[in-house]
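**Student:** This is the structure, below, for whatever I ask next.
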Amino acid sequence: MHLDMSTISIVAIAITAILGLVLIFNWARQGGASFVGMWGVAMLLISVGIVMANVSRGGLPGALVLGQAVMILGAGVKWRACREFSQRDSSLLYIFVGPVILLLAAGTGLVETFNDRLMLVCVLTAAYNFAAATELAYDHGEQLPSRWLAILLLALTSASFLSWLPLIVIRPIPELGTVFYSSWFPIVILITLLLRTALAFVVLAMAKERQEQEQRVDALTDSLTGLPNRRALFEVADAVAQRRILGGTPVSVLILDLDHFKDTNDSYGHSLGDEVLKVFAMTAEKNLKVNSIVGRLGGEEFAAILPGVEAAAAVEAAERVRRAFSRSAAFVNGLAVGATVSVGVATDTEVDADLSNLFRRADAALYIAKRAGRNQVAFLESDEDMVVAAQCTAIRTSPSRLRPAVAAVRPDRARSA
């Protein structure tokens, strides 16, 4: 079946231009994802390039080279859009490297024939598409399924242009006018158009997936400290509990509450109080292990989940945070704030459906630490200890004194030991 090249050219111009306008409109209406707008500009450039290449049949031979250069520029803009998506900055000058190479090669006579120029166009366009696919491969931990589809389509587009090279050698096209009688050129143009169209829709899908992910992150992040919020913490707790059911590993919970925080706000103002909260957030993240999750429950109260951490290590971590915060919050913005934190610690080594009991026990331990004078770490060994916790005095613990601290929570155990 012979495909009419004139019809395919008109369809390619129309579809490419319409998709470009749709992408630009989508970006202008929703904002945010600038790479969508850049991709739309790239589509418009490609459609303009196709128009210029077709105009050259009417007696404007120079328009062919310019049209090819504009199409390569469109491919360069797509690469720049992918780099923007991957949050990797670079000079805009790189998008002009391909078009300049073509114009210099054509102007100096390095590529005199239509076939030679077409081969160079294919190589440069394939290079930009492959570079664009490489940019999208830089993963920042985002769960974006469409990203991998875009990488595949860009790689196929690059391979498609490279596949033209052996066809040009085997079935050369003497000049532009004979393109319309070529048996293979209409087919490869149609394939390229289909890939271009698919990529436009994938770009929109990528933008939507990133927007949804950003909204979810915002919904699970405390805006002041940047830590996970209460909802996020309990989602993590559910996930940790499920892993423990499968693996049976221990888990510890820390409840941390800044001491006399209301007095800090009243004395220094809410602005400095916010700075104290930020200092604590940074201190806690810095002094807990990488696999620990620390978040803000609300107000001046925080919590940390320590998967795979036993009691002694949990108490040691709590002490490390307490001491570090006492140092870092001694002076905030040049003012002698002297902020401190009290910590309640609880550990469970048995399989549970959730961590709610562990949170309650850690909260009871925090109450003991508060009642003992604050700036303390208290540990409760079991749920039974919560029954007598209100009648006991907290002892600041350290890893070497973990057993005496637990005994102090249960005086009857201390007497019988």
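Letters A, B, ... go to the chains of the structure tokens in the order shown; residues in each chain start at 1; ligands are counted from 1 in the same order.
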Per residue of segment 122-200 of chain A within 10 Å of segment 40-43 of chain A, note the shortest atom pair and the distance in Å to one decimal, counting only C-alpha atoms, and order the rows by chain and increasing residue number, as CSV.
**Tutor:**
```
residue,atom,partner,partner_atom,distance
A:Arg196,CA,A:Met43,CA,8.5
A:Thr197,CA,A:Met43,CA,9.7
A:Ala200,CA,A:Gly40,CA,8.2
```
**Student:** Please dump the current selection as a PDB file, in the first residue's frame; keep N, CA, C and O atoms.
**Tutor:**
```pdb
ATOM      1  N   ARG A 196       5.547  10.659  18.613  1.00  0.00           N
ATOM      2  CA  ARG A 196       5.458  12.043  19.076  1.00  0.00           C
ATOM      3  C   ARG A 196       4.124  12.289  19.785  1.00  0.00           C
ATOM      4  O   ARG A 196       4.059  12.941  20.824  1.00  0.00           O
ATOM      5  N   THR A 197       3.059  11.738  19.212  1.00  0.00           N
ATOM      6  CA  THR A 197       1.728  11.902  19.809  1.00  0.00           C
ATOM      7  C   THR A 197       1.630  11.185  21.151  1.00  0.00           C
ATOM      8  O   THR A 197       1.117  11.735  22.132  1.00  0.00           O
ATOM      9  N   ALA A 200       3.375  13.096  23.903  1.00  0.00           N
ATOM     10  CA  ALA A 200       2.647  14.277  24.380  1.00  0.00           C
ATOM     11  C   ALA A 200       1.666  13.891  25.490  1.00  0.00           C
ATOM     12  O   ALA A 200       1.562  14.585  26.516  1.00  0.00           O
TER      13      ALA A 200
END
```
**Student:** Give me the residues within 10 Å of Thr347 of chain A as a list in words, counting only C-alpha atoms and dropping any in the same chain fewer than 6 places off.
**Tutor:**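 Returned residues: Pro250, Val251, Ser252, Val253, Leu254, Leu306, Pro307, Gly308, Val309, Glu310, Ala311, Ala312, Ala314, Val315, Leu358, Phe359, Arg361, Ala362, Phe379, Leu380, Glu381 and Ser382 of chain A.
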**Student:** Mind pulling up the distance from atom CA of Glu142 of chain A to atom CA of Leu277 of chain A?
**Tutor:**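 Answer for the atom CA of Leu277 of chain A to atom CA of Glu142 of chain A separation: 27.9 Å.
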**Student:** Identify which of the residues A:Val332, A:Ala133, A:Ala159, A:Ile101 lies closest to Ile72 of chain A, counting only C-alpha atoms when measuring atom-to-atom distances.
**Tutor:**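 Going through A:Val332, A:Ala133, A:Ala159, A:Ile101 one by one, the smallest distance to Ile72 of chain A is for A:Ile101.
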**Student:** Can you tell me, as a ChimeraX atom specification, what residues are no more than 8 Å from segment 44-49 of chain A when counting only C-alpha atoms, ignoring any on the same chain fewer than 3 positions away?
**Tutor:** /A:12-14,16-17,20-21,40-41,52-53,66-75
**Student:** Write the residues you've just listed into a file as a CSV table (one decimal), in the first residue's frame, and include C-alpha atoms for each of them.
**Tutor:**
```csv
chain,number,residue,atom,x,y,z
A,12,ALA,CA,1.9,15.6,10.8
A,13,ILE,CA,1.9,19.4,10.8
A,14,ALA,CA,-1.7,19.7,12.1
A,16,THR,CA,2.0,18.3,16.1
A,17,ALA,CA,0.8,21.9,16.2
A,20,GLY,CA,1.8,21.7,21.1
A,21,LEU,CA,-1.0,24.2,21.7
A,40,GLY,CA,4.5,22.3,23.9
A,41,VAL,CA,7.0,24.8,22.5
A,52,MET,CA,9.5,25.2,6.3
A,53,ALA,CA,10.8,21.9,4.8
A,66,LEU,CA,16.4,26.1,8.1
A,67,GLY,CA,13.4,23.8,8.6
A,68,GLN,CA,15.6,20.9,9.5
A,69,ALA,CA,17.5,23.1,11.9
A,70,VAL,CA,14.2,24.2,13.6
A,71,MET,CA,13.1,20.6,13.9
A,72,ILE,CA,16.4,19.7,15.6
A,73,LEU,CA,15.9,22.8,17.9
A,74,GLY,CA,12.5,21.3,18.8
A,75,ALA,CA,14.3,18.1,19.8
```
**Student:** Taking the backbone alone, and naming residues the way the document does, which bits of segment 18-142 of chain A are helix (DSSP H, G or I) by DSSP, as a PyMOL selection string?
**Tutor:** chain A and resi 18-30+34-58+61-85+92-107+114-136
**Student:** Applying 8 Å and only C-alpha atoms, which residues near Met38 of chain A remain after dropping the ones on its own chain fewer than 5 positions away? List them as a list in words.
**Tutor:**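 Close residues of Met38 of chain A: Ile24, Val77, Lys78, Arg80 and Ala81 of chain A.
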**Student:** Quick one: pull the distance between atom CA of Gly373 of chain A and atom CA of Val345 of chain A, Å, one decimal.
**Tutor:**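 The value is 16.5 Å.
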**Student:** Need to verify the contact set: Ile95 of chain A, 7 Å, only C-alpha atoms, exclusion of same-chain residues closer than 2 positions in sequence. Can you return it as number ranges by chain?
**Tutor:** A: 73, 76-77, 92-93, 97-98
**Student:** Got time to write the residues from that selection, N, CA, C and O atoms, as a PDB file, in the first residue's frame?
**Tutor:**
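Result saved to selection09.pdb:
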```pdb
ATOM      1  N   LEU A  73      16.072  21.893  16.691  1.00  0.00           N
ATOM      2  CA  LEU A  73      15.896  22.767  17.851  1.00  0.00           C
ATOM      3  C   LEU A  73      14.730  22.282  18.710  1.00  0.00           C
ATOM      4  O   LEU A  73      14.810  22.308  19.945  1.00  0.00           O
ATOM      5  N   GLY A  76      15.916  19.573  20.764  1.00  0.00           N
ATOM      6  CA  GLY A  76      16.736  20.114  21.845  1.00  0.00           C
ATOM      7  C   GLY A  76      15.902  20.676  22.978  1.00  0.00           C
ATOM      8  O   GLY A  76      16.238  20.514  24.160  1.00  0.00           O
ATOM      9  N   VAL A  77      14.799  21.324  22.643  1.00  0.00           N
ATOM     10  CA  VAL A  77      13.907  21.872  23.670  1.00  0.00           C
ATOM     11  C   VAL A  77      13.261  20.727  24.466  1.00  0.00           C
ATOM     12  O   VAL A  77      13.058  20.843  25.681  1.00  0.00           O
ATOM     13  N   LEU A  92      20.783  27.192  28.520  1.00  0.00           N
ATOM     14  CA  LEU A  92      19.890  27.047  27.367  1.00  0.00           C
ATOM     15  C   LEU A  92      20.657  26.961  26.058  1.00  0.00           C
ATOM     16  O   LEU A  92      20.106  26.549  25.035  1.00  0.00           O
ATOM     17  N   LEU A  93      21.931  27.346  26.081  1.00  0.00           N
ATOM     18  CA  LEU A  93      22.724  27.344  24.853  1.00  0.00           C
ATOM     19  C   LEU A  93      22.861  25.945  24.262  1.00  0.00           C
ATOM     20  O   LEU A  93      23.038  25.796  23.047  1.00  0.00           O
ATOM     21  N   VAL A  97      23.068  23.768  20.058  1.00  0.00           N
ATOM     22  CA  VAL A  97      24.262  23.100  19.541  1.00  0.00           C
ATOM     23  C   VAL A  97      23.929  22.288  18.291  1.00  0.00           C
ATOM     24  O   VAL A  97      24.628  22.382  17.260  1.00  0.00           O
ATOM     25  N   GLY A  98      22.861  21.486  18.335  1.00  0.00           N
ATOM     26  CA  GLY A  98      22.478  20.667  17.185  1.00  0.00           C
ATOM     27  C   GLY A  98      22.151  21.479  15.947  1.00  0.00           C
ATOM     28  O   GLY A  98      22.708  21.222  14.863  1.00  0.00           O
TER      29      GLY A  98
END
```
**Student:** Which one of A:Ser163, A:Asn229, A:Thr157, A:Gln376 sits closest to Leu194 of chain A if you count only C-alpha atoms?
**Tutor:**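 Residue with the minimum atom-to-atom distance to Leu194 of chain A: A:Thr157.
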**Student:** Choose the residue, out of A:Glu301, A:Glu135, A:Glu112, A:Asp363, that has the smallest atom-to-atom separation from Arg230 of chain A; count only C-alpha atoms.
**Tutor:**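 Nearest to Arg230 of chain A: A:Glu301.
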**Student:** Near Trp148 of chain A, counting only C-alpha atoms, which residues have an atom at most 10 Å away, once you skip same-chain residues fewer than 4 positions from it, shown as a list in words?
**Tutor:** Ala133, Leu136, Ala137, Leu144, Leu152, Leu153, Leu154, Val202 and Met206 of chain A
**Student:** Per DSSP on the backbone, filter segment 142-310 of chain A down to the residues in strand (DSSP E) and report them as a PyMOL selection string.
**Tutor:** chain A and resi 251-258+293-298+301-307
**Student:** Let's have the selection written as a short mmCIF file (atom, residue, chain, number, x, y, z; two decimals), in the first residue's frame, with all heavy atoms.
**Tutor:**
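Heads up, here's the output in result26.cif:
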```cif
data_model
loop_
_atom_site.label_atom_id
_atom_site.label_comp_id
_atom_site.auth_asym_id
_atom_site.auth_seq_id
_atom_site.Cartn_x
_atom_site.Cartn_y
_atom_site.Cartn_z
N VAL A 251 10.68 -3.01 67.94
CA VAL A 251 10.47 -1.63 67.54
C VAL A 251 10.36 -0.78 68.79
O VAL A 251 9.83 -1.23 69.81
CB VAL A 251 9.21 -1.48 66.65
CG1 VAL A 251 7.95 -1.86 67.41
CG2 VAL A 251 9.09 -0.06 66.13
N SER A 252 10.87 0.44 68.72
CA SER A 252 10.80 1.37 69.84
C SER A 252 10.11 2.65 69.40
O SER A 252 10.18 3.03 68.23
CB SER A 252 12.21 1.69 70.37
OG SER A 252 12.83 0.54 70.88
N VAL A 253 9.46 3.29 70.37
CA VAL A 253 8.79 4.56 70.12
C VAL A 253 9.26 5.58 71.14
O VAL A 253 9.36 5.27 72.33
CB VAL A 253 7.26 4.41 70.18
CG1 VAL A 253 6.57 5.78 70.22
CG2 VAL A 253 6.75 3.62 68.98
N LEU A 254 9.54 6.77 70.67
CA LEU A 254 9.92 7.89 71.52
C LEU A 254 8.84 8.97 71.40
O LEU A 254 8.45 9.33 70.29
CB LEU A 254 11.26 8.51 71.10
CG LEU A 254 12.58 7.87 71.56
CD1 LEU A 254 12.65 6.39 71.20
CD2 LEU A 254 13.76 8.62 70.96
N ILE A 255 8.35 9.46 72.53
CA ILE A 255 7.49 10.63 72.56
C ILE A 255 8.30 11.77 73.18
O ILE A 255 8.79 11.63 74.31
CB ILE A 255 6.19 10.41 73.36
CG1 ILE A 255 5.43 9.20 72.81
CG2 ILE A 255 5.32 11.66 73.32
CD1 ILE A 255 4.86 9.40 71.43
N LEU A 256 8.45 12.86 72.44
CA LEU A 256 9.33 13.95 72.87
C LEU A 256 8.51 15.23 72.97
O LEU A 256 7.79 15.59 72.04
CB LEU A 256 10.48 14.14 71.88
CG LEU A 256 11.21 12.86 71.44
CD1 LEU A 256 10.69 12.40 70.07
CD2 LEU A 256 12.73 13.08 71.37
N ASP A 257 8.63 15.90 74.11
CA ASP A 257 7.84 17.12 74.33
C ASP A 257 8.75 18.22 74.86
O ASP A 257 9.48 18.02 75.84
CB ASP A 257 6.72 16.84 75.33
CG ASP A 257 5.72 17.98 75.40
OD1 ASP A 257 4.78 17.98 74.60
OD2 ASP A 257 5.89 18.87 76.27
N LEU A 258 8.73 19.37 74.18
CA LEU A 258 9.58 20.49 74.58
C LEU A 258 9.09 21.06 75.91
O LEU A 258 7.88 21.28 76.09
CB LEU A 258 9.59 21.58 73.52
CG LEU A 258 10.62 21.42 72.39
CD1 LEU A 258 10.42 20.11 71.63
CD2 LEU A 258 10.56 22.59 71.43
N ILE A 293 12.13 7.23 61.99
CA ILE A 293 11.19 8.20 61.45
C ILE A 293 10.75 9.11 62.57
O ILE A 293 10.15 8.66 63.56
CB ILE A 293 9.95 7.51 60.82
CG1 ILE A 293 10.37 6.54 59.72
CG2 ILE A 293 9.00 8.56 60.25
CD1 ILE A 293 10.53 5.12 60.18
N VAL A 294 11.06 10.40 62.47
CA VAL A 294 10.66 11.37 63.47
C VAL A 294 9.68 12.34 62.85
O VAL A 294 9.84 12.76 61.71
CB VAL A 294 11.88 12.12 64.06
CG1 VAL A 294 12.66 12.85 62.97
CG2 VAL A 294 11.45 13.10 65.14
N GLY A 295 8.62 12.66 63.59
CA GLY A 295 7.60 13.56 63.06
C GLY A 295 7.00 14.40 64.17
O GLY A 295 7.25 14.18 65.37
N ARG A 296 6.19 15.37 63.75
CA ARG A 296 5.55 16.27 64.70
C ARG A 296 4.10 15.85 64.91
O ARG A 296 3.32 15.80 63.96
CB ARG A 296 5.61 17.70 64.16
CG ARG A 296 5.10 18.75 65.13
CD ARG A 296 5.14 20.13 64.51
NE ARG A 296 4.64 21.16 65.41
CZ ARG A 296 4.40 22.42 65.06
NH1 ARG A 296 4.62 22.80 63.80
NH2 ARG A 296 3.93 23.30 65.93
N LEU A 297 3.75 15.56 66.18
CA LEU A 297 2.39 15.17 66.50
C LEU A 297 1.47 16.38 66.56
O LEU A 297 0.28 16.29 66.30
CB LEU A 297 2.36 14.43 67.84
CG LEU A 297 3.04 13.05 67.87
CD1 LEU A 297 3.00 12.47 69.27
CD2 LEU A 297 2.35 12.10 66.89
N GLY A 298 2.04 17.52 66.91
CA GLY A 298 1.26 18.74 67.04
C GLY A 298 1.83 19.62 68.13
O GLY A 298 2.39 19.10 69.11
N GLU A 301 4.91 18.80 70.60
CA GLU A 301 5.07 17.36 70.83
C GLU A 301 5.47 16.64 69.55
O GLU A 301 4.88 16.85 68.49
CB GLU A 301 3.78 16.76 71.37
CG GLU A 301 3.95 15.35 71.89
CD GLU A 301 2.70 14.82 72.58
OE1 GLU A 301 1.59 15.23 72.19
OE2 GLU A 301 2.83 13.99 73.49
N PHE A 302 6.48 15.80 69.68
CA PHE A 302 7.02 15.04 68.55
C PHE A 302 7.05 13.56 68.92
O PHE A 302 6.93 13.18 70.10
CB PHE A 302 8.45 15.51 68.22
CG PHE A 302 8.53 16.94 67.77
CD1 PHE A 302 8.49 17.99 68.70
CD2 PHE A 302 8.65 17.25 66.43
CE1 PHE A 302 8.56 19.31 68.28
CE2 PHE A 302 8.74 18.58 66.00
CZ PHE A 302 8.69 19.60 66.94
N ALA A 303 7.22 12.72 67.91
CA ALA A 303 7.36 11.28 68.14
C ALA A 303 8.37 10.72 67.15
O ALA A 303 8.56 11.27 66.06
CB ALA A 303 6.02 10.58 67.99
N ALA A 304 9.00 9.63 67.55
CA ALA A 304 9.94 8.95 66.66
C ALA A 304 9.69 7.45 66.72
O ALA A 304 9.46 6.90 67.81
CB ALA A 304 11.38 9.27 67.05
N ILE A 305 9.68 6.82 65.57
CA ILE A 305 9.54 5.37 65.47
C ILE A 305 10.89 4.80 65.06
O ILE A 305 11.47 5.22 64.06
CB ILE A 305 8.46 4.99 64.44
CG1 ILE A 305 7.11 5.63 64.83
CG2 ILE A 305 8.31 3.48 64.34
CD1 ILE A 305 6.04 5.45 63.77
N LEU A 306 11.39 3.85 65.84
CA LEU A 306 12.71 3.28 65.60
C LEU A 306 12.57 1.78 65.29
O LEU A 306 12.61 0.95 66.20
CB LEU A 306 13.62 3.47 66.82
CG LEU A 306 14.21 4.86 67.08
CD1 LEU A 306 13.14 5.92 67.30
CD2 LEU A 306 15.15 4.82 68.29
N PRO A 307 12.37 1.42 64.04
CA PRO A 307 12.23 0.00 63.68
C PRO A 307 13.52 -0.77 63.94
O PRO A 307 14.62 -0.27 63.66
CB PRO A 307 11.90 0.04 62.19
CG PRO A 307 11.46 1.44 61.91
CD PRO A 307 12.22 2.30 62.88
#
```
**Student:** In Å to one decimal, how far is atom CA of Gly344 of chain A from atom CA of Thr283 of chain A?
**Tutor:**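 According to the coordinates, atom CA of Thr283 of chain A and atom CA of Gly344 of chain A are separated by 17.0 Å.
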